[in-house]
Amino acid sequence: MNTLVRDIVPESWPQLLASRGEPPYRGRQLAHWLFARGALDWDAMHNLPRSLRAGLAADFDPAGLSIEERLVAADGTRKFLFRLRDGHTIESVIIPMEHHATFCISSQVGCAMACRFCATARGGLARGLSPGEIVEQVQRLAADLTSAPFPQHGDRGYNVVFMGMGEPLDNFDAVRTGLAIMTSPLGLGLSTRRVQLSTSAPPQGLANLDSLDLPVGLTISIGGADDAARRKVMPVSGRAGVADALAAAERFARRSGRRVTIAWVLIAERTDQLEQARTLARLVANRPFKVNLIPLNELDDDDLAAAASERILAFQRVLVDAGVPAYIRVSGGRDIGAACGQLRRRRASSR
Ligand code: SAH
């Protein structure tokens with residue numbers, strides 16, 4: 001299969017085209033078409049000579065995604081099922097926030113982390129996405145937002161969160177290149193403040209986190225305050241435990257100068273005990289962290305249930321009383337299966 005044209009960082013194109021006997025400024029023109037203009041076919045790039053476009057078309061594909069399905073929820077959340085060139089499908093979501101849109105994107109086809117509560121985990125991992133497949137999701141969503149803006153938003157600004165399918169630290173080289181393209185002024189030109197990586201902190205991914213030098217936002221999904229409790233819902237933790245994950249998160253917070261978010265999915269009888277809240281509070285207090293409490297989005301093939309609202313409030317109260325900033329997050333798009341991997345799963349089982 002050809003390389004995806006967006007797998008390559010914009011800074012490399014002048015040199016790359018020079019090596020094909022073209023003047024380097026053609027590389028800047030091409031990068032402008034790809035990233036500033038979002039061109040998805042060679043025909044659009046009319047100021048590039050036909051011969052150059054034909055030459056590139058022999059080696060590179062101009063697009064890696066096609067829209068298989070687009071669903072709009074009652075609350076405005078838009079969910080996309082994209083088909084990749086090899087037939088796999090991935091999900092991406094546009095979530096309307098008060099002042100901007102949030103794009104939730106995938107980093108892998110499936111996931112190897114096997115979290116008990118996650119729909120994506122059920123099918124296992126097929127493969128990692130390439131940098132171009134990661135970046136193109138953002139551009140497809142941005143194009144959708146431009147053609148159909150949310151009426152309450154003055155501008156078309158968006159944030160990007162890696163909270164779709166997959167574990168970003170398990171596909172780190174591609175994710176890092178994707179981040180570089182998103183945040184480069186020659187790429188999508190997004191401020192690092194607008195990008196959020198979310199990770200289940202697999203032990204083998206913590207060294208990757210230590211090597212990440214872009215000050216993007218970071219969320220660590222914990223789901224268990226001690227190693228035994230965490231392993232029950234997130235087997236990924238393996239031998240490296242909660243303490244290692246939080247230590248890596250703290251190093252990242254100090255490097256980036258940004259508070260790290262601890263994501264805690266609240267599952268009835270599994271992760272909503274006040275004893276766990278107290279342990280979590282001790283781990284998190286007086287460190288550069290805040291906690292997001294996420295009531296479980298229930299899967300239809302599973303007996304796990306969301307924690308009751310009074311339990312959620314009590315859990316939050318323990319954290320707040322210990323001086324830990326803690327917020328309850330409500331997920332959008334429930335009626336269209338917007339939680340991580342649900343749409344793809346529903347489609348697979350209806351075939
Ligand atoms: N692998 C990464 C990113 C994908 S999951 C990570 O673990 O962070 C993104 C977020 O969705 C995580 O915080 C995860 O805990 C949460 N999540 C997954 N399934 C969920 C469900 N059924 N209900 C509520 N939150 C869920």
# chains A, B, ... in the order shown; residues from 1 in each chain; ligands from 1
$ residues_around --residues "A:Met1" --least-positions-apart "2" --cutoff "12 Å" --atoms "only C-alpha atoms" --output "PyMOL selection string"
chain A and resi 3-5+58-61+64+84-86
$ write_last_selection --atoms "C-alpha atoms" --output "PDB file, in the first residue's frame"
ATOM      1  CA  THR A   3       2.360   5.849   1.989  1.00  0.00           C
ATOM      2  CA  LEU A   4      -0.346   8.252   3.078  1.00  0.00           C
ATOM      3  CA  VAL A   5       0.662  11.749   2.022  1.00  0.00           C
ATOM      4  CA  ALA A  58       2.235   6.859  -7.941  1.00  0.00           C
ATOM      5  CA  ASP A  59       3.840   6.803  -4.488  1.00  0.00           C
ATOM      6  CA  PHE A  60       1.403   8.477  -2.113  1.00  0.00           C
ATOM      7  CA  ASP A  61      -2.311   8.258  -1.360  1.00  0.00           C
ATOM      8  CA  GLY A  64      -6.736   7.470   4.134  1.00  0.00           C
ATOM      9  CA  LEU A  84      -9.597   2.978   6.388  1.00  0.00           C
ATOM     10  CA  ARG A  85      -7.939   1.887   3.154  1.00  0.00           C
ATOM     11  CA  ASP A  86      -7.501  -1.687   4.425  1.00  0.00           C
TER      12      ASP A  86
END
$ residues_near_ligand --ligand "ligand 1" --cutoff "9 Å" --atoms "only C-alpha atoms and all ligand atoms" --output "PyMOL selection string"
chain A and resi 105-107+111+113+115-121+161-170+197-201+219-223+262-267+292+294-299+306+331+339-342
$ write_last_selection --atoms "N, CA and C atoms" --output "compact mmCIF listing (two decimals), in the first residue's frame"
# COMPACT_ATOMS: atom_id res chain seq x y z
N ILE A 105 -10.58 11.71 19.05
CA ILE A 105 -10.04 10.92 17.93
C ILE A 105 -9.41 9.61 18.42
N SER A 106 -9.22 8.69 17.47
CA SER A 106 -8.67 7.37 17.76
C SER A 106 -7.19 7.32 17.43
N SER A 107 -6.48 6.46 18.15
CA SER A 107 -5.05 6.28 17.87
C SER A 107 -4.72 4.87 17.36
N CYS A 111 -7.86 -2.08 20.52
CA CYS A 111 -6.98 -1.74 21.64
C CYS A 111 -6.57 -3.02 22.34
N MET A 113 -5.52 -3.09 25.57
CA MET A 113 -5.42 -2.85 27.01
C MET A 113 -6.46 -3.60 27.85
N CYS A 115 -9.44 -3.05 29.10
CA CYS A 115 -10.21 -2.48 30.22
C CYS A 115 -11.60 -3.11 30.24
N ARG A 116 -12.03 -3.50 31.43
CA ARG A 116 -13.30 -4.23 31.60
C ARG A 116 -14.52 -3.47 31.08
N PHE A 117 -14.47 -2.15 31.23
CA PHE A 117 -15.66 -1.31 30.98
C PHE A 117 -15.69 -0.73 29.57
N CYS A 118 -14.70 -1.04 28.74
CA CYS A 118 -14.54 -0.32 27.47
C CYS A 118 -14.97 -1.18 26.29
N ALA A 119 -15.80 -0.62 25.41
CA ALA A 119 -16.30 -1.36 24.25
C ALA A 119 -15.18 -1.67 23.25
N THR A 120 -14.25 -0.75 23.09
CA THR A 120 -13.16 -0.97 22.13
C THR A 120 -12.33 -2.18 22.51
N ALA A 121 -12.16 -2.38 23.82
CA ALA A 121 -11.29 -3.45 24.30
C ALA A 121 -11.78 -4.82 23.86
N VAL A 161 -8.87 15.68 21.65
CA VAL A 161 -8.53 14.76 22.74
C VAL A 161 -8.38 13.34 22.18
N PHE A 162 -7.35 12.65 22.63
CA PHE A 162 -7.11 11.25 22.21
C PHE A 162 -7.90 10.33 23.14
N MET A 163 -9.23 10.43 23.07
CA MET A 163 -10.06 9.60 23.93
C MET A 163 -10.97 8.68 23.14
N GLY A 164 -10.66 8.52 21.86
CA GLY A 164 -11.39 7.57 21.04
C GLY A 164 -10.80 6.17 21.21
N MET A 165 -10.80 5.40 20.13
CA MET A 165 -10.30 4.04 20.23
C MET A 165 -8.78 4.03 20.37
N GLY A 166 -8.29 3.09 21.18
CA GLY A 166 -6.86 2.83 21.22
C GLY A 166 -6.12 3.46 22.37
N GLU A 167 -4.89 3.01 22.55
CA GLU A 167 -4.02 3.49 23.62
C GLU A 167 -2.84 4.24 22.97
N PRO A 168 -2.85 5.58 23.09
CA PRO A 168 -1.83 6.37 22.38
C PRO A 168 -0.39 5.99 22.74
N LEU A 169 -0.13 5.64 23.99
CA LEU A 169 1.26 5.31 24.36
C LEU A 169 1.66 3.93 23.85
N ASP A 170 0.71 3.18 23.31
CA ASP A 170 0.99 1.88 22.71
C ASP A 170 1.23 2.02 21.20
N LEU A 197 -3.73 14.39 25.43
CA LEU A 197 -3.46 12.96 25.30
C LEU A 197 -4.15 12.26 26.46
N SER A 198 -4.73 11.10 26.21
CA SER A 198 -5.35 10.35 27.30
C SER A 198 -4.79 8.93 27.28
N THR A 199 -4.33 8.46 28.43
CA THR A 199 -3.66 7.16 28.45
C THR A 199 -4.07 6.32 29.66
N SER A 200 -4.08 5.00 29.45
CA SER A 200 -4.31 4.08 30.55
C SER A 200 -2.98 3.76 31.24
N ALA A 201 -1.90 4.43 30.81
CA ALA A 201 -0.58 4.29 31.43
C ALA A 201 -0.08 2.85 31.47
N THR A 219 -4.19 13.25 30.30
CA THR A 219 -5.12 12.59 31.20
C THR A 219 -4.63 11.16 31.44
N ILE A 220 -4.61 10.74 32.69
CA ILE A 220 -4.27 9.35 33.01
C ILE A 220 -5.54 8.68 33.53
N SER A 221 -5.92 7.57 32.90
CA SER A 221 -7.10 6.83 33.34
C SER A 221 -6.67 5.85 34.42
N ILE A 222 -7.23 6.00 35.60
CA ILE A 222 -6.76 5.17 36.72
C ILE A 222 -7.74 4.04 37.05
N GLY A 223 -8.93 4.34 37.54
CA GLY A 223 -9.93 3.29 37.72
C GLY A 223 -9.64 2.28 38.81
N ILE A 262 -6.61 13.16 36.30
CA ILE A 262 -6.77 11.74 36.63
C ILE A 262 -8.23 11.38 36.31
N ALA A 263 -8.42 10.47 35.35
CA ALA A 263 -9.79 10.07 34.97
C ALA A 263 -10.17 8.81 35.75
N TRP A 264 -11.34 8.86 36.37
CA TRP A 264 -11.81 7.74 37.20
C TRP A 264 -13.22 7.37 36.75
N VAL A 265 -13.37 6.18 36.16
CA VAL A 265 -14.70 5.74 35.73
C VAL A 265 -15.42 5.13 36.93
N LEU A 266 -16.62 5.63 37.20
CA LEU A 266 -17.36 5.17 38.39
C LEU A 266 -18.33 4.05 38.03
N ILE A 267 -17.99 2.85 38.50
CA ILE A 267 -18.78 1.65 38.24
C ILE A 267 -19.36 1.18 39.58
N ASN A 292 -11.13 13.85 37.28
CA ASN A 292 -12.41 13.84 36.58
C ASN A 292 -13.13 12.53 36.89
N ILE A 294 -16.02 10.04 35.99
CA ILE A 294 -16.85 9.75 34.81
C ILE A 294 -17.80 8.60 35.13
N PRO A 295 -19.10 8.88 35.27
CA PRO A 295 -20.04 7.77 35.48
C PRO A 295 -19.95 6.81 34.29
N LEU A 296 -19.92 5.53 34.57
CA LEU A 296 -19.82 4.54 33.49
C LEU A 296 -20.90 4.74 32.45
N ASN A 297 -20.50 4.73 31.19
CA ASN A 297 -21.43 4.67 30.09
C ASN A 297 -21.69 3.18 29.86
N GLU A 298 -22.87 2.71 30.22
CA GLU A 298 -23.09 1.26 30.27
C GLU A 298 -23.08 0.63 28.88
N LEU A 299 -22.45 -0.52 28.76
CA LEU A 299 -22.45 -1.27 27.51
C LEU A 299 -23.64 -2.21 27.53
N ALA A 306 -23.50 1.83 35.99
CA ALA A 306 -23.00 3.13 36.44
C ALA A 306 -23.27 3.27 37.93
N SER A 331 -21.09 12.27 30.05
CA SER A 331 -20.74 12.02 28.65
C SER A 331 -21.88 12.39 27.72
N ALA A 339 -19.79 6.56 23.34
CA ALA A 339 -18.66 6.14 24.17
C ALA A 339 -17.75 5.22 23.38
N CYS A 340 -16.50 5.54 23.50
CA CYS A 340 -15.39 4.75 23.00
C CYS A 340 -15.74 3.36 22.42
N GLY A 341 -15.78 3.24 21.10
CA GLY A 341 -15.90 1.92 20.49
C GLY A 341 -17.30 1.35 20.38
N GLN A 342 -18.31 2.08 20.86
CA GLN A 342 -19.64 1.47 20.89
C GLN A 342 -20.31 1.36 19.53
$ residues_around --residues "A:Thr192" --least-positions-apart "5" --cutoff "8 Å" --atoms "only C-alpha atoms" --output "JSON, numbers by chain"
{"A": [183, 214, 215, 216, 217]}
$ atom_distance --atom1 "atom CA of A:Ser191" --atom2 "atom CA of A:Pro96"
19.0 Å
$ closest_residue --among "A:Ala285, A:Tyr25, A:Val260, A:Gln139" --to "A:Gly187" --atoms "only C-alpha atoms"
A:Gln139
$ atom_distance --atom1 "atom CA of A:Asp302" --atom2 "atom CA of A:Gln108"
23.1 Å
$ select_by_dssp --residues "stretch 61-287 of chain A" --states "helix (DSSP H, G or I)" --output "JSON, numbers by chain"
{"A": [120, 121, 122, 123, 131, 132, 133, 134, 135, 136, 137, 138, 139, 140, 141, 142, 143, 144, 145, 146, 147, 168, 169, 170, 172, 173, 174, 175, 176, 177, 178, 179, 180, 181, 182, 183, 192, 193, 194, 203, 204, 205, 206, 207, 208, 209, 210, 211, 227, 228, 229, 230, 231, 232, 233, 235, 236, 237, 242, 243, 244, 245, 246, 247, 248, 249, 250, 251, 252, 253, 254, 255, 256, 274, 275, 276, 277, 278, 279, 280, 281, 282, 283, 284]}
$ select_by_dssp --residues "stretch 65-102 of chain A" --states "strand (DSSP E)" --output "PyMOL selection string"
chain A and resi 65-72+78-84+89-96+101-102
$ residues_around --residues "A:Ala63" --least-positions-apart "5" --cutoff "9 Å" --atoms "only C-alpha atoms" --output "count of residues only"
10
$ closest_residue --among "A:Ala174, A:Thr102, A:Thr146, A:Ile134" --to "A:Asn159" --atoms "only C-alpha atoms"
A:Thr102
$ atom_distance --atom1 "atom CA of A:Ser51" --atom2 "atom CA of A:Gly21"
12.0 Å
$ closest_residue --among "A:Glu269, A:Glu275, A:Glu68, A:Asp210" --to "A:Asp226" --atoms "only C-alpha atoms"
A:Glu275
$ closest_residue --among "A:Ala74, A:Leu283, A:Leu274, A:Ala44" --to "A:Ala314" --atoms "only C-alpha atoms"
A:Leu274
$ closest_residue --among "A:Leu56, A:Ser211, A:Phe35, A:Leu186" --to "A:Leu16" --atoms "only C-alpha atoms"
A:Leu56
$ decode --residues "stretch 297-309 of chain A" --atoms "all heavy atoms" --output "PDB file, in the first residue's frame"
ATOM      1  N   ASN A 297     -20.495   4.729  31.192  1.00  0.00           N
ATOM      2  CA  ASN A 297     -21.433   4.667  30.091  1.00  0.00           C
ATOM      3  C   ASN A 297     -21.688   3.177  29.864  1.00  0.00           C
ATOM      4  O   ASN A 297     -20.801   2.460  29.393  1.00  0.00           O
ATOM      5  CB  ASN A 297     -20.771   5.295  28.861  1.00  0.00           C
ATOM      6  CG  ASN A 297     -21.767   5.984  27.965  1.00  0.00           C
ATOM      7  OD1 ASN A 297     -22.886   5.528  27.816  1.00  0.00           O
ATOM      8  ND2 ASN A 297     -21.337   7.073  27.364  1.00  0.00           N
ATOM      9  N   GLU A 298     -22.874   2.713  30.220  1.00  0.00           N
ATOM     10  CA  GLU A 298     -23.085   1.261  30.267  1.00  0.00           C
ATOM     11  C   GLU A 298     -23.084   0.635  28.883  1.00  0.00           C
ATOM     12  O   GLU A 298     -23.643   1.186  27.940  1.00  0.00           O
ATOM     13  CB  GLU A 298     -24.415   0.966  30.983  1.00  0.00           C
ATOM     14  CG  GLU A 298     -24.338   1.332  32.468  1.00  0.00           C
ATOM     15  CD  GLU A 298     -25.692   1.274  33.157  1.00  0.00           C
ATOM     16  OE1 GLU A 298     -26.654   0.775  32.536  1.00  0.00           O
ATOM     17  OE2 GLU A 298     -25.778   1.728  34.316  1.00  0.00           O
ATOM     18  N   LEU A 299     -22.450  -0.515  28.760  1.00  0.00           N
ATOM     19  CA  LEU A 299     -22.448  -1.267  27.506  1.00  0.00           C
ATOM     20  C   LEU A 299     -23.636  -2.214  27.531  1.00  0.00           C
ATOM     21  O   LEU A 299     -24.006  -2.720  28.584  1.00  0.00           O
ATOM     22  CB  LEU A 299     -21.147  -2.054  27.352  1.00  0.00           C
ATOM     23  CG  LEU A 299     -19.866  -1.255  27.536  1.00  0.00           C
ATOM     24  CD1 LEU A 299     -18.648  -2.142  27.271  1.00  0.00           C
ATOM     25  CD2 LEU A 299     -19.838  -0.047  26.621  1.00  0.00           C
ATOM     26  N   ASP A 300     -24.214  -2.480  26.363  1.00  0.00           N
ATOM     27  CA  ASP A 300     -25.443  -3.267  26.398  1.00  0.00           C
ATOM     28  C   ASP A 300     -25.210  -4.772  26.561  1.00  0.00           C
ATOM     29  O   ASP A 300     -26.135  -5.521  26.788  1.00  0.00           O
ATOM     30  CB  ASP A 300     -26.350  -2.955  25.194  1.00  0.00           C
ATOM     31  CG  ASP A 300     -25.561  -2.762  23.919  1.00  0.00           C
ATOM     32  OD1 ASP A 300     -24.435  -3.312  23.861  1.00  0.00           O
ATOM     33  OD2 ASP A 300     -26.053  -2.084  23.008  1.00  0.00           O
ATOM     34  N   ASP A 301     -23.957  -5.212  26.474  1.00  0.00           N
ATOM     35  CA  ASP A 301     -23.704  -6.651  26.590  1.00  0.00           C
ATOM     36  C   ASP A 301     -22.982  -6.989  27.890  1.00  0.00           C
ATOM     37  O   ASP A 301     -22.248  -7.951  27.981  1.00  0.00           O
ATOM     38  CB  ASP A 301     -22.839  -7.121  25.421  1.00  0.00           C
ATOM     39  CG  ASP A 301     -21.468  -6.475  25.455  1.00  0.00           C
ATOM     40  OD1 ASP A 301     -21.286  -5.490  26.196  1.00  0.00           O
ATOM     41  OD2 ASP A 301     -20.568  -6.966  24.749  1.00  0.00           O
ATOM     42  N   ASP A 302     -23.213  -6.171  28.913  1.00  0.00           N
ATOM     43  CA  ASP A 302     -22.375  -6.326  30.085  1.00  0.00           C
ATOM     44  C   ASP A 302     -23.174  -6.032  31.340  1.00  0.00           C
ATOM     45  O   ASP A 302     -24.163  -5.318  31.307  1.00  0.00           O
ATOM     46  CB  ASP A 302     -21.225  -5.329  29.975  1.00  0.00           C
ATOM     47  CG  ASP A 302     -20.085  -5.704  30.883  1.00  0.00           C
ATOM     48  OD1 ASP A 302     -19.296  -6.573  30.491  1.00  0.00           O
ATOM     49  OD2 ASP A 302     -20.011  -5.139  31.992  1.00  0.00           O
ATOM     50  N   ASP A 303     -22.747  -6.612  32.458  1.00  0.00           N
ATOM     51  CA  ASP A 303     -23.503  -6.400  33.685  1.00  0.00           C
ATOM     52  C   ASP A 303     -22.960  -5.244  34.528  1.00  0.00           C
ATOM     53  O   ASP A 303     -23.503  -4.949  35.581  1.00  0.00           O
ATOM     54  CB  ASP A 303     -23.542  -7.697  34.508  1.00  0.00           C
ATOM     55  CG  ASP A 303     -22.148  -8.216  34.793  1.00  0.00           C
ATOM     56  OD1 ASP A 303     -21.176  -7.634  34.258  1.00  0.00           O
ATOM     57  OD2 ASP A 303     -22.021  -9.203  35.538  1.00  0.00           O
ATOM     58  N   LEU A 304     -21.902  -4.598  34.092  1.00  0.00           N
ATOM     59  CA  LEU A 304     -21.403  -3.456  34.861  1.00  0.00           C
ATOM     60  C   LEU A 304     -22.418  -2.321  34.793  1.00  0.00           C
ATOM     61  O   LEU A 304     -22.980  -2.047  33.740  1.00  0.00           O
ATOM     62  CB  LEU A 304     -20.063  -2.968  34.307  1.00  0.00           C
ATOM     63  CG  LEU A 304     -18.884  -3.945  34.367  1.00  0.00           C
ATOM     64  CD1 LEU A 304     -17.629  -3.271  33.853  1.00  0.00           C
ATOM     65  CD2 LEU A 304     -18.681  -4.470  35.783  1.00  0.00           C
ATOM     66  N   ALA A 305     -22.637  -1.659  35.938  1.00  0.00           N
ATOM     67  CA  ALA A 305     -23.617  -0.573  35.975  1.00  0.00           C
ATOM     68  C   ALA A 305     -22.944   0.717  36.432  1.00  0.00           C
ATOM     69  O   ALA A 305     -21.945   0.690  37.157  1.00  0.00           O
ATOM     70  CB  ALA A 305     -24.748  -0.938  36.933  1.00  0.00           C
ATOM     71  N   ALA A 306     -23.504   1.827  35.991  1.00  0.00           N
ATOM     72  CA  ALA A 306     -23.004   3.128  36.438  1.00  0.00           C
ATOM     73  C   ALA A 306     -23.273   3.275  37.931  1.00  0.00           C
ATOM     74  O   ALA A 306     -24.254   2.756  38.452  1.00  0.00           O
ATOM     75  CB  ALA A 306     -23.687   4.243  35.658  1.00  0.00           C
ATOM     76  N   ALA A 307     -22.391   3.967  38.609  1.00  0.00           N
ATOM     77  CA  ALA A 307     -22.608   4.242  40.025  1.00  0.00           C
ATOM     78  C   ALA A 307     -23.832   5.142  40.185  1.00  0.00           C
ATOM     79  O   ALA A 307     -24.128   5.958  39.313  1.00  0.00           O
ATOM     80  CB  ALA A 307     -21.363   4.908  40.604  1.00  0.00           C
ATOM     81  N   ALA A 308     -24.532   4.965  41.275  1.00  0.00           N
ATOM     82  CA  ALA A 308     -25.713   5.802  41.555  1.00  0.00           C
ATOM     83  C   ALA A 308     -25.268   7.237  41.836  1.00  0.00           C
ATOM     84  O   ALA A 308     -24.166   7.460  42.344  1.00  0.00           O
ATOM     85  CB  ALA A 308     -26.460   5.238  42.756  1.00  0.00           C
ATOM     86  N   SER A 309     -26.167   8.193  41.524  1.00  0.00           N
ATOM     87  CA  SER A 309     -25.718   9.588  41.631  1.00  0.00           C
ATOM     88  C   SER A 309     -25.328   9.996  43.047  1.00  0.00           C
ATOM     89  O   SER A 309     -24.371  10.747  43.229  1.00  0.00           O
ATOM     90  CB  SER A 309     -26.744  10.559  41.051  1.00  0.00           C
ATOM     91  OG  SER A 309     -28.006   9.996  41.027  1.00  0.00           O
TER      92      SER A 309
END
